[in-house]
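Chemist: Next comes the structure file protein24.cif, holding mmCIF, C-alpha atoms.
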```cif
data_my_file
loop_
_atom_site.group_PDB
_atom_site.id
_atom_site.type_symbol
_atom_site.label_atom_id
_atom_site.label_comp_id
_atom_site.auth_asym_id
_atom_site.auth_seq_id
_atom_site.Cartn_x
_atom_site.Cartn_y
_atom_site.Cartn_z
ATOM 1 C CA MET X 1 -3.771 -25.984 -1.272
ATOM 2 C CA SER X 2 -5.623 -26.566 -4.549
ATOM 3 C CA LEU X 3 -3.757 -28.062 -7.521
ATOM 4 C CA SER X 4 -4.689 -24.981 -9.541
ATOM 5 C CA ARG X 5 -3.161 -22.695 -6.927
ATOM 6 C CA TYR X 6 -0.010 -24.845 -6.691
ATOM 7 C CA PHE X 7 0.720 -24.651 -10.398
ATOM 8 C CA THR X 8 -0.174 -20.963 -10.508
ATOM 9 C CA GLY X 9 2.292 -20.236 -7.701
ATOM 10 C CA PHE X 10 4.983 -22.305 -9.411
ATOM 11 C CA TYR X 11 4.603 -20.530 -12.741
ATOM 12 C CA VAL X 12 4.481 -17.109 -11.086
ATOM 13 C CA SER X 13 7.769 -17.816 -9.288
ATOM 14 C CA ILE X 14 9.419 -18.861 -12.546
ATOM 15 C CA ALA X 15 7.901 -15.864 -14.352
ATOM 16 C CA VAL X 16 9.205 -13.354 -11.795
ATOM 17 C CA LEU X 17 12.744 -14.775 -12.003
ATOM 18 C CA PHE X 18 12.575 -14.724 -15.798
ATOM 19 C CA GLU X 19 11.346 -11.136 -15.924
ATOM 20 C CA ARG X 20 14.040 -9.883 -13.533
ATOM 21 C CA ALA X 21 16.723 -11.533 -15.667
ATOM 22 C CA LEU X 22 15.188 -10.133 -18.839
ATOM 23 C CA ARG X 23 15.101 -6.584 -17.430
ATOM 24 C CA ARG X 24 18.836 -6.825 -16.735
ATOM 25 C CA ILE X 25 19.492 -7.928 -20.307
ATOM 26 C CA LEU X 26 17.241 -5.476 -22.123
ATOM 27 C CA SER X 27 18.273 -1.850 -22.601
ATOM 28 C CA GLY X 28 17.126 1.278 -24.431
ATOM 29 C CA GLY X 29 13.749 1.399 -22.700
ATOM 30 C CA ALA X 30 12.540 -1.952 -24.015
ATOM 31 C CA LYS X 31 9.905 -3.560 -21.815
ATOM 32 C CA SER X 32 9.411 -7.228 -21.126
ATOM 33 C CA VAL X 33 6.035 -8.856 -21.429
ATOM 34 C CA ASN X 34 4.964 -9.378 -17.838
ATOM 35 C CA ILE X 35 3.686 -12.883 -17.360
ATOM 36 C CA THR X 36 2.720 -12.308 -13.740
ATOM 37 C CA ALA X 37 0.435 -9.420 -14.683
ATOM 38 C CA LYS X 38 -1.577 -11.755 -16.911
ATOM 39 C CA LEU X 39 -1.374 -15.039 -15.075
ATOM 40 C CA LEU X 40 -2.486 -14.018 -11.593
ATOM 41 C CA PRO X 41 -5.506 -11.853 -12.524
ATOM 42 C CA ASN X 42 -6.822 -14.827 -14.487
ATOM 43 C CA TYR X 43 -6.426 -16.994 -11.389
ATOM 44 C CA PHE X 44 -8.080 -14.420 -9.116
ATOM 45 C CA GLU X 45 -10.926 -14.013 -11.605
ATOM 46 C CA ARG X 46 -11.640 -17.738 -11.635
ATOM 47 C CA LYS X 47 -11.408 -18.146 -7.874
ATOM 48 C CA TYR X 48 -12.780 -14.964 -6.299
ATOM 49 C CA LEU X 49 -14.496 -12.564 -8.684
ATOM 50 C CA PHE X 50 -17.850 -14.329 -8.257
ATOM 51 C CA LEU X 51 -17.928 -13.049 -4.661
ATOM 52 C CA VAL X 52 -18.715 -9.508 -5.841
ATOM 53 C CA LYS X 53 -20.886 -10.351 -8.833
ATOM 54 C CA ASP X 54 -24.123 -9.229 -7.164
ATOM 55 C CA MET X 55 -22.660 -6.409 -5.052
ATOM 56 C CA ALA X 56 -24.052 -2.931 -5.581
ATOM 57 C CA GLN X 57 -22.839 0.516 -4.635
ATOM 58 C CA LYS X 58 -24.132 1.426 -1.167
ATOM 59 C CA PRO X 59 -25.039 4.934 -0.023
ATOM 60 C CA ILE X 60 -21.866 6.852 0.802
ATOM 61 C CA THR X 61 -21.513 8.108 4.376
ATOM 62 C CA VAL X 62 -18.760 9.936 6.215
ATOM 63 C CA GLU X 63 -17.793 9.783 9.893
ATOM 64 C CA SER X 64 -17.133 13.113 11.554
ATOM 65 C CA PRO X 65 -14.303 13.593 12.039
ATOM 66 C CA GLU X 66 -12.714 11.214 9.588
ATOM 67 C CA THR X 67 -9.559 9.327 10.521
ATOM 68 C CA ILE X 68 -6.095 8.828 9.111
ATOM 69 C CA TRP X 69 -5.294 5.202 9.975
ATOM 70 C CA GLN X 70 -1.807 3.804 10.501
ATOM 71 C CA PHE X 71 -0.442 0.604 12.005
ATOM 72 C CA TRP X 72 2.850 -0.215 13.680
ATOM 73 C CA ASP X 73 3.738 -2.987 16.076
ATOM 74 C CA ASN X 74 7.351 -3.526 17.116
ATOM 75 C CA PRO X 75 8.810 -7.025 17.095
ATOM 76 C CA VAL X 76 10.028 -8.148 20.518
ATOM 77 C CA GLY X 77 13.288 -6.435 21.414
ATOM 78 C CA ARG X 78 13.041 -3.696 18.780
ATOM 79 C CA THR X 79 12.215 -0.016 18.978
ATOM 80 C CA THR X 80 10.402 2.058 16.382
ATOM 81 C CA PRO X 81 12.838 3.216 13.644
ATOM 82 C CA GLU X 82 13.632 6.924 13.564
ATOM 83 C CA ILE X 83 12.179 7.466 10.097
ATOM 84 C CA VAL X 84 8.884 5.871 11.179
ATOM 85 C CA LYS X 85 8.656 8.085 14.274
ATOM 86 C CA ALA X 86 9.470 11.118 12.114
ATOM 87 C CA SER X 87 6.803 10.091 9.598
ATOM 88 C CA PHE X 88 4.196 9.773 12.349
ATOM 89 C CA ARG X 89 5.016 13.295 13.481
ATOM 90 C CA THR X 90 4.533 14.674 9.975
ATOM 91 C CA VAL X 91 1.118 13.036 9.752
ATOM 92 C CA GLU X 92 0.170 14.659 13.039
ATOM 93 C CA LYS X 93 1.318 18.015 11.661
ATOM 94 C CA PHE X 94 -0.510 17.762 8.338
ATOM 95 C CA LYS X 95 -3.600 15.770 9.345
ATOM 96 C CA GLY X 96 -5.840 18.809 8.862
ATOM 97 C CA SER X 97 -9.403 18.072 9.964
ATOM 98 C CA PHE X 98 -8.724 14.330 10.273
ATOM 99 C CA GLU X 99 -8.125 12.449 13.475
ATOM 100 C CA HIS X 100 -4.883 10.453 13.564
ATOM 101 C CA LYS X 101 -4.914 6.919 14.957
ATOM 102 C CA ILE X 102 -1.837 4.677 15.107
ATOM 103 C CA LEU X 103 -2.925 1.124 15.878
ATOM 104 C CA ASP X 104 -0.898 -1.809 17.162
ATOM 105 C CA ASN X 105 -1.734 -5.412 17.986
ATOM 106 C CA SER X 106 -3.343 -4.396 21.271
ATOM 107 C CA THR X 107 -5.728 -1.862 19.689
ATOM 108 C CA VAL X 108 -6.566 -3.375 16.292
ATOM 109 C CA GLY X 109 -9.570 -5.186 17.759
ATOM 110 C CA ASP X 110 -11.076 -1.911 18.950
ATOM 111 C CA TYR X 111 -11.659 -0.755 15.372
ATOM 112 C CA SER X 112 -11.548 -3.761 13.046
ATOM 113 C CA ASP X 113 -13.594 -6.916 12.677
ATOM 114 C CA LEU X 114 -11.129 -9.046 10.769
ATOM 115 C CA PRO X 115 -12.097 -12.739 10.960
ATOM 116 C CA GLY X 116 -10.230 -15.023 13.317
ATOM 117 C CA TYR X 117 -8.568 -17.028 10.556
ATOM 118 C CA VAL X 118 -6.629 -13.900 9.523
ATOM 119 C CA PHE X 119 -4.998 -13.727 12.955
ATOM 120 C CA ASP X 120 -4.449 -17.485 12.871
ATOM 121 C CA ARG X 121 -2.545 -17.154 9.588
ATOM 122 C CA LEU X 122 -0.483 -14.325 11.064
ATOM 123 C CA LYS X 123 0.372 -16.136 14.300
ATOM 124 C CA SER X 124 1.305 -19.317 12.465
ATOM 125 C CA GLY X 125 3.756 -17.426 10.261
ATOM 126 C CA HIS X 126 1.870 -18.257 7.067
ATOM 127 C CA MET X 127 0.973 -14.591 6.641
ATOM 128 C CA ARG X 128 3.468 -11.735 6.827
ATOM 129 C CA TYR X 129 2.679 -8.455 8.536
ATOM 130 C CA ALA X 130 2.707 -6.803 5.104
ATOM 131 C CA HIS X 131 -0.208 -8.954 3.986
ATOM 132 C CA PHE X 132 -1.956 -8.610 7.325
ATOM 133 C CA SER X 133 -1.860 -4.834 6.925
ATOM 134 C CA ASP X 134 -3.218 -5.238 3.374
ATOM 135 C CA LEU X 135 -6.370 -6.684 4.909
ATOM 136 C CA LEU X 136 -6.399 -4.343 7.899
ATOM 137 C CA ARG X 137 -6.359 -1.172 5.796
ATOM 138 C CA LEU X 138 -9.348 -2.249 3.729
ATOM 139 C CA ASN X 139 -11.237 -3.469 6.785
ATOM 140 C CA LEU X 140 -10.753 -0.157 8.608
ATOM 141 C CA LEU X 141 -11.756 1.881 5.573
ATOM 142 C CA LYS X 142 -14.753 -0.349 4.880
ATOM 143 C CA ASN X 143 -15.990 0.067 8.451
ATOM 144 C CA HIS X 144 -15.018 3.656 9.206
ATOM 145 C CA GLY X 145 -13.820 5.339 6.022
ATOM 146 C CA GLY X 146 -11.016 7.880 6.039
ATOM 147 C CA VAL X 147 -7.438 7.508 4.815
ATOM 148 C CA TRP X 148 -4.915 4.734 5.188
ATOM 149 C CA MET X 149 -1.206 5.618 5.259
ATOM 150 C CA ASP X 150 1.695 3.238 5.677
ATOM 151 C CA ALA X 151 3.936 3.953 8.652
ATOM 152 C CA THR X 152 6.645 5.154 6.256
ATOM 153 C CA VAL X 153 4.496 7.838 4.607
ATOM 154 C CA TYR X 154 6.264 11.144 5.277
ATOM 155 C CA MET X 155 3.814 14.008 4.814
ATOM 156 C CA THR X 156 4.946 17.392 3.473
ATOM 157 C CA GLY X 157 1.535 19.029 3.121
ATOM 158 C CA LEU X 158 -2.207 18.635 3.576
ATOM 159 C CA ILE X 159 -4.094 16.025 1.553
ATOM 160 C CA PRO X 160 -5.517 17.872 -1.484
ATOM 161 C CA GLU X 161 -9.275 18.263 -1.800
ATOM 162 C CA ARG X 162 -9.179 16.603 -5.226
ATOM 163 C CA ILE X 163 -8.365 13.420 -3.278
ATOM 164 C CA THR X 164 -10.397 13.879 -0.084
ATOM 165 C CA ASN X 165 -13.471 14.652 -2.218
ATOM 166 C CA GLN X 166 -13.282 11.210 -3.823
ATOM 167 C CA ASP X 167 -15.364 8.298 -2.558
ATOM 168 C CA PHE X 168 -12.340 6.117 -3.298
ATOM 169 C CA PHE X 169 -8.809 6.793 -4.475
ATOM 170 C CA VAL X 170 -5.467 5.031 -4.929
ATOM 171 C CA PHE X 171 -2.349 6.040 -6.835
ATOM 172 C CA LEU X 172 -1.383 4.039 -9.911
ATOM 173 C CA THR X 173 2.097 2.646 -10.486
ATOM 174 C CA GLY X 174 4.447 4.893 -12.421
ATOM 175 C CA GLU X 175 7.845 4.892 -14.069
ATOM 176 C CA LEU X 176 9.894 4.796 -10.857
ATOM 177 C CA THR X 177 8.652 1.419 -9.662
ATOM 178 C CA SER X 178 10.649 -1.768 -10.102
ATOM 179 C CA PHE X 179 7.366 -3.700 -10.181
ATOM 180 C CA PRO X 180 5.131 -2.104 -12.850
ATOM 181 C CA TYR X 181 2.900 -5.166 -12.969
ATOM 182 C CA SER X 182 1.595 -4.331 -9.468
ATOM 183 C CA PHE X 183 -0.753 -1.793 -11.146
ATOM 184 C CA VAL X 184 -1.493 0.327 -8.044
ATOM 185 C CA GLN X 185 0.380 1.280 -4.891
ATOM 186 C CA ASN X 186 -1.462 0.777 -1.631
ATOM 187 C CA CYS X 187 0.583 2.822 0.850
ATOM 188 C CA PHE X 188 -2.082 5.544 0.578
ATOM 189 C CA ILE X 189 -5.799 4.781 0.158
ATOM 190 C CA ARG X 190 -8.722 7.160 0.531
ATOM 191 C CA ALA X 191 -12.187 5.631 0.949
ATOM 192 C CA LYS X 192 -15.541 6.739 2.289
ATOM 193 C CA ILE X 193 -17.913 4.332 4.041
ATOM 194 C CA GLY X 194 -19.875 2.409 1.432
ATOM 195 C CA ALA X 195 -17.344 2.795 -1.376
ATOM 196 C CA PHE X 196 -17.869 -0.167 -3.702
ATOM 197 C CA LEU X 197 -14.226 -0.421 -4.736
ATOM 198 C CA CYS X 198 -13.102 -0.706 -1.123
ATOM 199 C CA GLU X 199 -15.718 -3.243 -0.032
ATOM 200 C CA ALA X 200 -15.396 -5.448 -3.115
ATOM 201 C CA TRP X 201 -11.597 -5.388 -2.914
ATOM 202 C CA TYR X 202 -11.724 -6.344 0.760
ATOM 203 C CA ARG X 203 -14.204 -9.159 0.159
ATOM 204 C CA MET X 204 -11.978 -10.782 -2.476
ATOM 205 C CA CYS X 205 -8.779 -10.336 -0.437
ATOM 206 C CA VAL X 206 -10.125 -11.661 2.843
ATOM 207 C CA GLU X 207 -11.712 -14.653 1.096
ATOM 208 C CA TYR X 208 -8.350 -15.485 -0.435
ATOM 209 C CA TRP X 209 -6.859 -15.900 3.042
ATOM 210 C CA LYS X 210 -9.799 -18.017 4.132
ATOM 211 C CA ASP X 211 -9.212 -20.336 1.184
ATOM 212 C CA GLU X 212 -5.420 -20.216 0.893
ATOM 213 C CA ALA X 213 -2.761 -20.904 3.505
ATOM 214 C CA ARG X 214 0.014 -18.794 1.968
ATOM 215 C CA ARG X 215 0.533 -15.881 -0.400
ATOM 216 C CA VAL X 216 0.987 -16.601 -4.080
ATOM 217 C CA THR X 217 2.945 -13.390 -4.690
ATOM 218 C CA TYR X 218 3.937 -10.337 -2.636
ATOM 219 C CA PHE X 219 1.768 -8.046 -4.775
ATOM 220 C CA GLN X 220 -1.371 -10.178 -4.758
ATOM 221 C CA HIS X 221 -3.299 -7.429 -2.944
ATOM 222 C CA GLN X 222 -2.702 -5.039 -5.831
ATOM 223 C CA LEU X 223 -3.340 -7.682 -8.493
ATOM 224 C CA ILE X 224 -6.678 -8.601 -6.915
ATOM 225 C CA PHE X 225 -7.633 -4.936 -7.292
ATOM 226 C CA LYS X 226 -6.524 -5.063 -10.929
ATOM 227 C CA THR X 227 -8.707 -8.128 -11.450
ATOM 228 C CA LEU X 228 -11.655 -6.326 -9.857
ATOM 229 C CA VAL X 229 -11.503 -3.152 -11.936
ATOM 230 C CA PHE X 230 -10.823 -4.965 -15.201
ATOM 231 C CA LYS X 231 -13.395 -7.741 -14.829
ATOM 232 C CA ASN X 232 -16.309 -6.372 -12.763
ATOM 233 C CA PRO X 233 -18.526 -3.864 -14.649
ATOM 234 C CA THR X 234 -19.425 -1.745 -11.595
ATOM 235 C CA ALA X 235 -15.801 -1.592 -10.463
ATOM 236 C CA ARG X 236 -14.658 -0.763 -13.985
ATOM 237 C CA ASP X 237 -17.018 2.197 -14.239
ATOM 238 C CA LEU X 238 -16.112 3.569 -10.815
ATOM 239 C CA PHE X 239 -12.394 3.138 -11.450
ATOM 240 C CA ALA X 240 -12.706 4.991 -14.770
ATOM 241 C CA LYS X 241 -14.192 7.989 -12.912
ATOM 242 C CA MET X 242 -11.433 8.016 -10.275
ATOM 243 C CA PRO X 243 -8.529 10.411 -10.975
ATOM 244 C CA HIS X 244 -5.677 8.371 -12.421
ATOM 245 C CA LEU X 245 -2.588 9.829 -10.782
ATOM 246 C CA SER X 246 0.880 8.265 -10.950
ATOM 247 C CA GLU X 247 2.709 7.321 -7.771
ATOM 248 C CA ASP X 248 5.925 8.816 -9.188
ATOM 249 C CA GLU X 249 5.506 12.186 -7.477
ATOM 250 C CA THR X 250 5.164 10.391 -4.120
ATOM 251 C CA HIS X 251 8.095 8.036 -4.719
ATOM 252 C CA GLN X 252 10.945 10.463 -5.303
ATOM 253 C CA PHE X 253 13.117 8.415 -2.937
ATOM 254 C CA ALA X 254 12.569 5.059 -4.617
ATOM 255 C CA GLY X 255 15.467 2.628 -4.513
ATOM 256 C CA ASN X 256 18.376 3.960 -2.490
ATOM 257 C CA ARG X 257 17.847 7.621 -3.398
ATOM 258 C CA LEU X 258 16.859 8.235 0.204
ATOM 259 C CA ILE X 259 20.534 8.024 1.151
ATOM 260 C CA ASN X 260 21.725 10.461 -1.526
ATOM 261 C CA LYS X 261 23.382 13.636 -0.270
ATOM 262 C CA PHE X 262 20.776 16.148 0.885
ATOM 263 C CA ASP X 263 20.190 19.068 -1.488
ATOM 264 C CA ALA X 264 17.956 21.880 -0.191
ATOM 265 C CA GLU X 265 16.836 23.022 -3.651
ATOM 266 C CA GLU X 266 15.991 19.504 -4.725
ATOM 267 C CA TRP X 267 14.106 18.945 -1.455
ATOM 268 C CA GLU X 268 12.054 22.077 -2.141
ATOM 269 C CA ARG X 269 11.159 20.679 -5.576
ATOM 270 C CA VAL X 270 10.192 17.342 -4.025
ATOM 271 C CA ILE X 271 7.874 18.796 -1.378
ATOM 272 C CA ASN X 272 6.181 20.971 -4.001
ATOM 273 C CA SER X 273 5.522 17.948 -6.206
ATOM 274 C CA SER X 274 3.336 16.027 -3.750
ATOM 275 C CA PHE X 275 1.844 16.114 -0.257
ATOM 276 C CA PHE X 276 3.812 13.060 0.891
ATOM 277 C CA GLN X 277 6.834 10.935 0.110
ATOM 278 C CA LYS X 278 7.079 7.202 0.632
ATOM 279 C CA THR X 279 10.189 6.406 2.653
ATOM 280 C CA ARG X 280 11.710 3.209 4.016
ATOM 281 C CA TYR X 281 13.367 2.119 7.230
ATOM 282 C CA MET X 282 15.280 -0.831 5.778
ATOM 283 C CA ILE X 283 18.324 0.408 3.871
ATOM 284 C CA LYS X 284 20.811 -1.795 2.024
ATOM 285 C CA ARG X 285 20.437 -5.496 2.680
ATOM 286 C CA ARG X 286 17.375 -4.914 4.815
ATOM 287 C CA LYS X 287 19.227 -3.229 7.690
ATOM 288 C CA VAL X 288 17.081 -1.028 9.950
ATOM 289 C CA ALA X 289 18.786 2.336 9.580
ATOM 290 C CA ASP X 290 19.450 5.153 12.042
ATOM 291 C CA ALA X 291 20.014 8.739 10.986
ATOM 292 C CA ALA X 292 23.601 8.466 12.233
ATOM 293 C CA ASP X 293 24.259 5.707 9.704
ATOM 294 C CA TYR X 294 23.834 8.104 6.767
ATOM 295 C CA PRO X 295 24.836 11.627 7.869
ATOM 296 C CA GLY X 296 24.110 14.482 5.464
ATOM 297 C CA THR X 297 21.623 12.444 3.432
ATOM 298 C CA TYR X 298 17.915 12.868 2.798
ATOM 299 C CA PHE X 299 17.358 10.024 5.240
ATOM 300 C CA SER X 300 19.092 11.777 8.143
ATOM 301 C CA LYS X 301 17.584 15.155 7.288
ATOM 302 C CA LEU X 302 14.057 13.749 7.137
ATOM 303 C CA CYS X 303 14.550 12.176 10.542
ATOM 304 C CA ASP X 304 15.759 15.532 11.904
ATOM 305 C CA MET X 305 13.006 17.568 10.239
ATOM 306 C CA GLY X 306 10.391 15.145 11.484
ATOM 307 C CA GLU X 307 11.738 15.768 14.976
ATOM 308 C CA ASN X 308 11.674 19.539 14.558
ATOM 309 C CA ASN X 309 8.639 20.222 12.391
ATOM 310 C CA ASP X 310 6.902 22.925 14.412
#
```
Could you spell out this file's structure in structure tokens?

Modeler:
Amino acid sequence: MSLSRYFTGFYVSIAVLFERALRRILSGGAKSVNITAKLLPNYFERKYLFLVKDMAQKPITVESPETIWQFWDNPVGRTTPEIVKASFRTVEKFKGSFEHKILDNSTVGDYSDLPGYVFDRLKSGHMRYAHFSDLLRLNLLKNHGGVWMDATVYMTGLIPERITNQDFFVFLTGELTSFPYSFVQNCFIRAKIGAFLCEAWYRMCVEYWKDEARRVTYFQHQLIFKTLVFKNPTARDLFAKMPHLSEDETHQFAGNRLINKFDAEEWERVINSSFFQKTRYMIKRRKVADAADYPGTYFSKLCDMGENND
């Protein structure tokens, strides 16, 4: 670990604790100055932006059919949570003209060419599955194009053409997030083969894990993207042309709202607001939840509707 990285990680940890405390103190809509949002992009710029300095936009190509990519691999002794299985079924229902591939550890190598040191970091415990999937999604999209969806993306409609027509697209953070400094959400990414923003983002992220043994912050994937589009001229221009849509419409169940009492009228409003909702399988103190744990809630109803969506 470099001395620069050590001190950056230390100050980020202190900054995050400070900001969380400050948010609890402040009221009336006041916003704290986010130190993390400034500190880490400066670090990523110094260390990794040079990697994409001479990159150029490649010709855009599209596989036929394109693929919706997802990843899920159960820890030993666990089964797939109900909400994840329900979400997979909704993707199958609303995939449209896309193929739907759910990868696990045994099939990742059939479609990705992630370098060996990524798997070494994962096996050693230095990399979490969350950060492994950060790299996997960009690698798959770089190589094959298509759409990445987290396993907890619960689709309620087809992907709109205004998104599928884009060479590259991600949602931006909105008002519902507890982490506004993360800049973008990465549970849904659309990219065509050759998209500069995808390839440059991947190059910086994968190089980080070659150079660094551990994460510096949970949202480093998103903050590397922020560094890219703010500091690289080509990325800045392409990002400016991308539709800037807030994640809020896709995060109607942020926090613990997923276990609020189900309301049919409100659910109708939610499904008309966006083509998917981001859900979660860990509820309250990181417990993997079953539908039976929260009867009559959105969580239980989504599990049931995912089961009976024909």

Chemist: What is the distance, in Å and to one decimal place, between CA of Ala254 in chain X and CA of Arg280 in chain X?

Modeler: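 Here the two named atoms are 8.9 Å from each other.
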
Chemist: Have a look at X:Ser182, X:Thr152, X:Gln220, X:Ser133 and name the one nearest to Tyr43 in chain X; count all atoms listed in the file.

Modeler: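 That would be X:Gln220, the residue with the smallest distance to Tyr43 in chain X.
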
Chemist: Check which residues satisfy the PyMOL selection byres ((chain X and resi 198) around 12) in the file shown, then give them as an NGL selection string.

Modeler: :X and (52 or 55 or 57-58 or 60 or 134-148 or 167-170 or 186 or 189-197 or 199-205 or 224-225 or 228-229 or 235 or 238-239)

Chemist: Restricting it to C-alpha atoms, dump the selection as a compact mmCIF listing (two decimals), in the frame of the given file.

Modeler:
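As written to disk, selection.txt reads:
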```txt
# COMPACT_ATOMS: atom_id res chain seq x y z
CA VAL X 52 -18.72 -9.51 -5.84
CA MET X 55 -22.66 -6.41 -5.05
CA GLN X 57 -22.84 0.52 -4.64
CA LYS X 58 -24.13 1.43 -1.17
CA ILE X 60 -21.87 6.85 0.80
CA ASP X 134 -3.22 -5.24 3.37
CA LEU X 135 -6.37 -6.68 4.91
CA LEU X 136 -6.40 -4.34 7.90
CA ARG X 137 -6.36 -1.17 5.80
CA LEU X 138 -9.35 -2.25 3.73
CA ASN X 139 -11.24 -3.47 6.78
CA LEU X 140 -10.75 -0.16 8.61
CA LEU X 141 -11.76 1.88 5.57
CA LYS X 142 -14.75 -0.35 4.88
CA ASN X 143 -15.99 0.07 8.45
CA HIS X 144 -15.02 3.66 9.21
CA GLY X 145 -13.82 5.34 6.02
CA GLY X 146 -11.02 7.88 6.04
CA VAL X 147 -7.44 7.51 4.82
CA TRP X 148 -4.92 4.73 5.19
CA ASP X 167 -15.36 8.30 -2.56
CA PHE X 168 -12.34 6.12 -3.30
CA PHE X 169 -8.81 6.79 -4.47
CA VAL X 170 -5.47 5.03 -4.93
CA ASN X 186 -1.46 0.78 -1.63
CA ILE X 189 -5.80 4.78 0.16
CA ARG X 190 -8.72 7.16 0.53
CA ALA X 191 -12.19 5.63 0.95
CA LYS X 192 -15.54 6.74 2.29
CA ILE X 193 -17.91 4.33 4.04
CA GLY X 194 -19.88 2.41 1.43
CA ALA X 195 -17.34 2.80 -1.38
CA PHE X 196 -17.87 -0.17 -3.70
CA LEU X 197 -14.23 -0.42 -4.74
CA GLU X 199 -15.72 -3.24 -0.03
CA ALA X 200 -15.40 -5.45 -3.12
CA TRP X 201 -11.60 -5.39 -2.91
CA TYR X 202 -11.72 -6.34 0.76
CA ARG X 203 -14.20 -9.16 0.16
CA MET X 204 -11.98 -10.78 -2.48
CA CYS X 205 -8.78 -10.34 -0.44
CA ILE X 224 -6.68 -8.60 -6.92
CA PHE X 225 -7.63 -4.94 -7.29
CA LEU X 228 -11.66 -6.33 -9.86
CA VAL X 229 -11.50 -3.15 -11.94
CA ALA X 235 -15.80 -1.59 -10.46
CA LEU X 238 -16.11 3.57 -10.82
CA PHE X 239 -12.39 3.14 -11.45
```

Chemist: Under the PyMOL selection byres ((chain X and resi 71-80) around 12), which residues of this model are included? Write them out as a PyMOL selection string.

Modeler: chain X and resi 68-70+81-88+100-108+111-112+129-130+132-137+140+148-153+187+281+288-290

Chemist: Using the chain letters and numbers from the file, which residues does the PyMOL selection byres ((chain X and resi 267) around 12) grab, as an mmCIF file with C-alpha atoms, in the frame of the given file?

Modeler:
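result-v3.cif was written with the following content:
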```
data_model
loop_
_atom_site.group_PDB
_atom_site.id
_atom_site.type_symbol
_atom_site.label_atom_id
_atom_site.label_comp_id
_atom_site.auth_asym_id
_atom_site.auth_seq_id
_atom_site.Cartn_x
_atom_site.Cartn_y
_atom_site.Cartn_z
ATOM 1 C CA THR X 156 4.946 17.392 3.473
ATOM 2 C CA GLN X 252 10.945 10.463 -5.303
ATOM 3 C CA PHE X 253 13.117 8.415 -2.937
ATOM 4 C CA LEU X 258 16.859 8.235 0.204
ATOM 5 C CA ASN X 260 21.725 10.461 -1.526
ATOM 6 C CA LYS X 261 23.382 13.636 -0.270
ATOM 7 C CA PHE X 262 20.776 16.148 0.885
ATOM 8 C CA ASP X 263 20.190 19.068 -1.488
ATOM 9 C CA ALA X 264 17.956 21.880 -0.191
ATOM 10 C CA GLU X 265 16.836 23.022 -3.651
ATOM 11 C CA GLU X 266 15.991 19.504 -4.725
ATOM 12 C CA GLU X 268 12.054 22.077 -2.141
ATOM 13 C CA ARG X 269 11.159 20.679 -5.576
ATOM 14 C CA VAL X 270 10.192 17.342 -4.025
ATOM 15 C CA ILE X 271 7.874 18.796 -1.378
ATOM 16 C CA ASN X 272 6.181 20.971 -4.001
ATOM 17 C CA SER X 273 5.522 17.948 -6.206
ATOM 18 C CA SER X 274 3.336 16.027 -3.750
ATOM 19 C CA GLN X 277 6.834 10.935 0.110
ATOM 20 C CA THR X 297 21.623 12.444 3.432
ATOM 21 C CA TYR X 298 17.915 12.868 2.798
ATOM 22 C CA PHE X 299 17.358 10.024 5.240
ATOM 23 C CA LYS X 301 17.584 15.155 7.288
ATOM 24 C CA LEU X 302 14.057 13.749 7.137
ATOM 25 C CA MET X 305 13.006 17.568 10.239
#
```

Chemist: Would you mind reading off the distance between CA of Phe183 in chain X and CA of Leu49 in chain X, one decimal, in Å?

Modeler: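 Spanning CA of Phe183 in chain X to CA of Leu49 in chain X is a straight-line distance of 17.6 Å.
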
Chemist: Counting only C-alpha atoms, which of X:Arg214, X:Arg162, X:Arg46, X:Lys53 gets nearest to Val118 in chain X?

Modeler: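 Checking each candidate against Val118 in chain X, we get X:Arg214 as the closest.
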
Chemist: With distances taken over all atoms listed in the file, which of X:Gln222, X:Thr250, X:Thr217, X:Thr36 is nearest to Phe276 in chain X?

Modeler: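 Result for the nearest residue to Phe276 in chain X: X:Thr250.
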
Chemist: Between CA of Trp209 in chain X and CA of Phe50 in chain X, what distance in Å does the model show, to one decimal?

Modeler: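 Going from CA of Trp209 in chain X over to CA of Phe50 in chain X covers 15.8 Å.
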
Chemist: With all atoms listed in the file as the atoms that count, which of X:His221, X:His244, X:Thr90, X:Leu176 lies nearest to Asp304 in chain X?

Modeler: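 Going through X:His221, X:His244, X:Thr90, X:Leu176 one by one, the smallest distance to Asp304 in chain X is for X:Thr90.
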
Chemist: Please give the centre and size of the box around range 85-99 of chain X (axis-aligned, containing every atom listed in the file, 6 Å added per side), with values in Å to one decimal and written as AutoDock Vina command-line options.

Modeler:
```
--center_x 0.0 --center_y 13.4 --center_z 11.3 --size_x 30.9 --size_y 22.7 --size_z 17.9
```

Chemist: Find the residue from X:Gly174, X:Phe230, X:Asp211, X:Phe188 that sits nearest to Glu249 in chain X; use only C-alpha atoms when measuring.

Modeler: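 Checking each candidate against Glu249 in chain X, we get X:Gly174 as the closest.
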
Chemist: Could you check the closest approach to Leu158 in chain X for each of X:Phe171, X:Phe275, X:Pro180, X:Glu63 and tell me which residue wins, using all atoms listed in the file?

Modeler: X:Phe275
